[in-house]
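Accompanying notes for the structure given below.
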Amino acid sequence: MAAKGDMFYAWAADAACQEKGECGGAVTALLTHALKSGMVDAVLAVKKGQDIYDAVPTFITDPAEIAQTAGSLHCGTLLLSKLVKQYLDGAKDMRIAVPVKGCDTMGLYELAKRNQVNLDNVLMIGLNCGGSVSPVSARKMIAEKFGVNPDDVVKEEIDKGQFIIVTKDGQHKGISMDELEEEGYGRRSNCRRCKMKVPRQADLACGNWGVIGDQAGKATFVEVCSEKGANLLDGAVSAGVLKTGAANPKGIEIRGKVEGAMLKLGDKWRAKDFEGLGEGKDRLKKIMDATSRCIKCYQCIENCPICYCVECSTKKAYLVTPGQVPPPFIFHLIRYAHISDSCINCGQCEEHCAMDIPNALFMHALQVDLQDMFGHTPGVDMELPVLALVEEKTERKRLSDTGSDQIFNIFE
Ligand code: FAD
Ligand code: SF4
Ligand code: SF4
Ligand code: SF4
Ligand code: SF4
């Protein structure tokens, strides 16, 4: 019987699933088993659409359709958590299994804290994540750095620090991620700063790191993170759809080292990006200058997993004067005030911004400052965010006594 903390190599028993899967098809086999066995009513996964730059979220109730979702799409920058809230009624009355990257998992936890998602009904199959590349920059990078027509690429992967493409005529070409990123290509900037590499708050954490020897590329390293995850794994093995073997001790060590190196790299990018923003009034000016391009398309709000309000304050006329483009700065201040303690750095507000405003960078910088002050890390557990702990009465009294409701003046 598997238990929390156990580590395995796993792969699909079915040869076709093994072949189609990114690393042996274990995740596809687990999702199929969860649906077939009745552990869940549906699966929300991601499949390739028009091409490798088109990651399509797919809702599945027929187990035979899950095979279509096998494989990793690194140019898929979508966030599944908000979809669970918006289109699946927060899994309130339906049990669903979802393959989740770190940001998907963190988003689900933040929505669950706000009673927007019922985590008891969500089976989270975590995917380790080194990062994703925006479809627009991937096309540019492939044309400019690889000298290949982006439409001729049929497969991409990130392996051993390289971004690798495979073309229609079977050619493989790889370039080191470090080199690409030094020249402004590569992963999204939020992914470079991301430190949720192995999503252990999911039920299982699956990835290729740590699979070595003959099984490299043919099996997935699975860490069991909850009882629910252990039951799924045991059930799939008993049903004969999943094969497992002991994780190689050297592989466990390597996985730990890679994770550690990725966390250090995340720190390096945070230092670089946040330093570039300056501090205090300089930072404020940079944010005000950049957001002055805003056309108030609301995409940053629509796609943010922390934004869930039926009546958004940015639409209240007494707060944000209607009909003004660009909107007054209070439009952005409202978001900073409501979200910064809980921002999970998923990048959606930047990815979808019509004016390419680095919204995620601004919010993430604020979140890290707040985390340093209050010690609250969003997305890792069900601990309530800082603002939920502020007593309205105490704050009103502070305002009336001192003329200020600021506990800390973060812009000084
Ligand atoms: P499969 O059976 O092929 O199933 C893959 C599942 O991933 C499918 O259910 C599919 O719906 C889902 N999926 C595909 N693309 C996305 C997406 N963009 N967002 C959410 N779900 C998606 N592992 C590591 O150890 N290190 C890494 O650095 C790493 N980076 C990754 C980056 C991304 C963007 C993704 C999606 C995965 C990454 N993984 C990483 C996990 C690894 O690539 C495999 O997904 C994992 O080993 C499982 O392999 P499998 O054959 O069992 O999965
Ligand atoms: Fe992966 Fe983190 Fe980027 Fe999400 S934010 S895609 S978990 S690197
Ligand atoms: Fe994601 Fe942006 Fe919301 Fe932060 S503010 S959680 S980066 S969408
Ligand atoms: Fe709610 Fe504030 Fe987001 Fe509007 S900006 S949806 S009020 S959290
Ligand atoms: Fe403004 Fe960009 Fe947000 Fe649209 S997505 S409202 S342009 S900041």
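Labels used: A, B, ... for chains in the order of the structure tokens, numbers from 1 for residues in each chain, and numbers from 1 for ligands as shown.
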Hey, which residues come within 7 Å of ligand 5 if we count only C-alpha atoms and all ligand atoms? Could you give them as a count of residues only?
19
Mind dumping a table of every chain A residue within 6 Å of ligand 4, with the nearest atom pair and its distance in Å to one decimal, using only C-alpha atoms and all ligand atoms, sorted by chain and rising number, as a Markdown table?
```
| residue | atom | partner | partner_atom_place_in_ligand_line | distance |
| --- | --- | --- | --- | --- |
| A:Ile301 | CA | ligand 4 | 3 (Fe) | 5.7 |
| A:Cys307 | CA | ligand 4 | 3 (Fe) | 3.6 |
| A:Tyr308 | CA | ligand 4 | 6 (S) | 5.0 |
| A:Cys309 | CA | ligand 4 | 1 (Fe) | 4.1 |
| A:Cys312 | CA | ligand 4 | 4 (Fe) | 3.6 |
| A:Ser313 | CA | ligand 4 | 7 (S) | 4.2 |
| A:Thr314 | CA | ligand 4 | 4 (Fe) | 5.7 |
| A:Ile334 | CA | ligand 4 | 5 (S) | 5.9 |
| A:Arg335 | CA | ligand 4 | 5 (S) | 4.4 |
| A:His338 | CA | ligand 4 | 2 (Fe) | 5.0 |
```
Run DSSP on the backbone and tell me which residues of segment 27-234 of chain A come out as helix (DSSP H, G or I); list them as a ChimeraX atom specification.
/A:27-36,63-69,80-87,89-91,102-113,119-121,135-144,150-152,177-182,189-193,213-215,227-234
Test item: residues no farther than 6 Å from ligand 2, counting only C-alpha atoms and all ligand atoms, as a ChimeraX atom specification
/A:101-103,129-132,190-191,194,196,346
Near Ile60 of chain A, within 12 Å and counting only C-alpha atoms, which residues show up once chain neighbours fewer than 6 positions away are dropped, as a list in words?
Leu31, Thr32, Ala34, Leu35, Lys36, Val40, Asp41, Ala42, Val43, Leu44, Ala45, Val46, Lys47, Ile66, Ala67, Gln68, Thr69, Leu88, Ile96, Ala97 and Val98 of chain A
Using the selection just defined, write its residues with N, CA, C and O atoms as a PDB file, in the first residue's frame.
```
ATOM      1  N   LEU A  31      -5.517   9.219 -14.726  1.00  0.00           N
ATOM      2  CA  LEU A  31      -6.764   9.963 -15.001  1.00  0.00           C
ATOM      3  C   LEU A  31      -7.836   9.014 -15.520  1.00  0.00           C
ATOM      4  O   LEU A  31      -9.004   9.086 -15.115  1.00  0.00           O
ATOM      5  N   THR A  32      -7.431   8.116 -16.428  1.00  0.00           N
ATOM      6  CA  THR A  32      -8.390   7.176 -17.009  1.00  0.00           C
ATOM      7  C   THR A  32      -8.954   6.276 -15.915  1.00  0.00           C
ATOM      8  O   THR A  32     -10.169   6.049 -15.846  1.00  0.00           O
ATOM      9  N   ALA A  34      -9.145   6.939 -12.700  1.00  0.00           N
ATOM     10  CA  ALA A  34      -9.992   7.715 -11.782  1.00  0.00           C
ATOM     11  C   ALA A  34     -11.407   7.831 -12.341  1.00  0.00           C
ATOM     12  O   ALA A  34     -12.392   7.692 -11.611  1.00  0.00           O
ATOM     13  N   LEU A  35     -11.510   8.043 -13.665  1.00  0.00           N
ATOM     14  CA  LEU A  35     -12.836   8.210 -14.280  1.00  0.00           C
ATOM     15  C   LEU A  35     -13.554   6.863 -14.422  1.00  0.00           C
ATOM     16  O   LEU A  35     -14.727   6.728 -14.064  1.00  0.00           O
ATOM     17  N   LYS A  36     -12.811   5.874 -14.926  1.00  0.00           N
ATOM     18  CA  LYS A  36     -13.428   4.543 -15.157  1.00  0.00           C
ATOM     19  C   LYS A  36     -13.920   3.922 -13.863  1.00  0.00           C
ATOM     20  O   LYS A  36     -14.977   3.297 -13.825  1.00  0.00           O
ATOM     21  N   VAL A  40     -14.038   9.702  -9.795  1.00  0.00           N
ATOM     22  CA  VAL A  40     -14.466  11.059 -10.179  1.00  0.00           C
ATOM     23  C   VAL A  40     -15.558  10.954 -11.246  1.00  0.00           C
ATOM     24  O   VAL A  40     -15.708   9.914 -11.884  1.00  0.00           O
ATOM     25  N   ASP A  41     -16.281  12.065 -11.428  1.00  0.00           N
ATOM     26  CA  ASP A  41     -17.340  12.097 -12.443  1.00  0.00           C
ATOM     27  C   ASP A  41     -16.808  12.598 -13.784  1.00  0.00           C
ATOM     28  O   ASP A  41     -17.427  12.388 -14.825  1.00  0.00           O
ATOM     29  N   ALA A  42     -15.688  13.358 -13.727  1.00  0.00           N
ATOM     30  CA  ALA A  42     -15.165  13.949 -14.958  1.00  0.00           C
ATOM     31  C   ALA A  42     -13.688  14.286 -14.785  1.00  0.00           C
ATOM     32  O   ALA A  42     -13.157  14.297 -13.670  1.00  0.00           O
ATOM     33  N   VAL A  43     -13.049  14.556 -15.932  1.00  0.00           N
ATOM     34  CA  VAL A  43     -11.630  14.950 -15.932  1.00  0.00           C
ATOM     35  C   VAL A  43     -11.517  16.277 -16.673  1.00  0.00           C
ATOM     36  O   VAL A  43     -12.161  16.467 -17.705  1.00  0.00           O
ATOM     37  N   LEU A  44     -10.734  17.190 -16.109  1.00  0.00           N
ATOM     38  CA  LEU A  44     -10.417  18.422 -16.842  1.00  0.00           C
ATOM     39  C   LEU A  44      -8.931  18.342 -17.171  1.00  0.00           C
ATOM     40  O   LEU A  44      -8.098  18.324 -16.257  1.00  0.00           O
ATOM     41  N   ALA A  45      -8.599  18.228 -18.449  1.00  0.00           N
ATOM     42  CA  ALA A  45      -7.185  18.098 -18.835  1.00  0.00           C
ATOM     43  C   ALA A  45      -6.904  19.031 -20.016  1.00  0.00           C
ATOM     44  O   ALA A  45      -7.754  19.861 -20.375  1.00  0.00           O
ATOM     45  N   VAL A  46      -5.721  18.892 -20.591  1.00  0.00           N
ATOM     46  CA  VAL A  46      -5.302  19.817 -21.650  1.00  0.00           C
ATOM     47  C   VAL A  46      -4.900  19.004 -22.878  1.00  0.00           C
ATOM     48  O   VAL A  46      -4.176  18.014 -22.756  1.00  0.00           O
ATOM     49  N   LYS A  47      -5.387  19.428 -24.056  1.00  0.00           N
ATOM     50  CA  LYS A  47      -4.964  18.691 -25.256  1.00  0.00           C
ATOM     51  C   LYS A  47      -4.455  19.655 -26.324  1.00  0.00           C
ATOM     52  O   LYS A  47      -4.743  20.863 -26.265  1.00  0.00           O
ATOM     53  N   ILE A  66      -9.636  10.323 -22.901  1.00  0.00           N
ATOM     54  CA  ILE A  66      -8.513  10.870 -22.122  1.00  0.00           C
ATOM     55  C   ILE A  66      -7.172  10.732 -22.860  1.00  0.00           C
ATOM     56  O   ILE A  66      -6.296  11.589 -22.736  1.00  0.00           O
ATOM     57  N   ALA A  67      -7.067   9.681 -23.685  1.00  0.00           N
ATOM     58  CA  ALA A  67      -5.814   9.458 -24.420  1.00  0.00           C
ATOM     59  C   ALA A  67      -5.424  10.690 -25.257  1.00  0.00           C
ATOM     60  O   ALA A  67      -4.235  10.965 -25.450  1.00  0.00           O
ATOM     61  N   GLN A  68      -6.428  11.452 -25.713  1.00  0.00           N
ATOM     62  CA  GLN A  68      -6.135  12.659 -26.527  1.00  0.00           C
ATOM     63  C   GLN A  68      -5.323  13.697 -25.762  1.00  0.00           C
ATOM     64  O   GLN A  68      -4.755  14.606 -26.347  1.00  0.00           O
ATOM     65  N   THR A  69      -5.340  13.616 -24.439  1.00  0.00           N
ATOM     66  CA  THR A  69      -4.694  14.669 -23.651  1.00  0.00           C
ATOM     67  C   THR A  69      -3.263  14.299 -23.243  1.00  0.00           C
ATOM     68  O   THR A  69      -2.606  15.074 -22.569  1.00  0.00           O
ATOM     69  N   LEU A  88     -17.177  25.095 -14.042  1.00  0.00           N
ATOM     70  CA  LEU A  88     -17.584  23.816 -13.427  1.00  0.00           C
ATOM     71  C   LEU A  88     -18.158  24.045 -12.034  1.00  0.00           C
ATOM     72  O   LEU A  88     -18.116  23.166 -11.180  1.00  0.00           O
ATOM     73  N   ILE A  96     -14.020  15.971  -9.754  1.00  0.00           N
ATOM     74  CA  ILE A  96     -13.217  15.998 -10.988  1.00  0.00           C
ATOM     75  C   ILE A  96     -11.740  15.727 -10.694  1.00  0.00           C
ATOM     76  O   ILE A  96     -11.232  16.066  -9.624  1.00  0.00           O
ATOM     77  N   ALA A  97     -11.084  15.114 -11.679  1.00  0.00           N
ATOM     78  CA  ALA A  97      -9.626  14.916 -11.588  1.00  0.00           C
ATOM     79  C   ALA A  97      -8.976  15.899 -12.548  1.00  0.00           C
ATOM     80  O   ALA A  97      -9.461  16.095 -13.665  1.00  0.00           O
ATOM     81  N   VAL A  98      -7.890  16.550 -12.107  1.00  0.00           N
ATOM     82  CA  VAL A  98      -7.244  17.570 -12.925  1.00  0.00           C
ATOM     83  C   VAL A  98      -5.718  17.410 -12.848  1.00  0.00           C
ATOM     84  O   VAL A  98      -5.175  17.312 -11.745  1.00  0.00           O
TER      85      VAL A  98
END
```
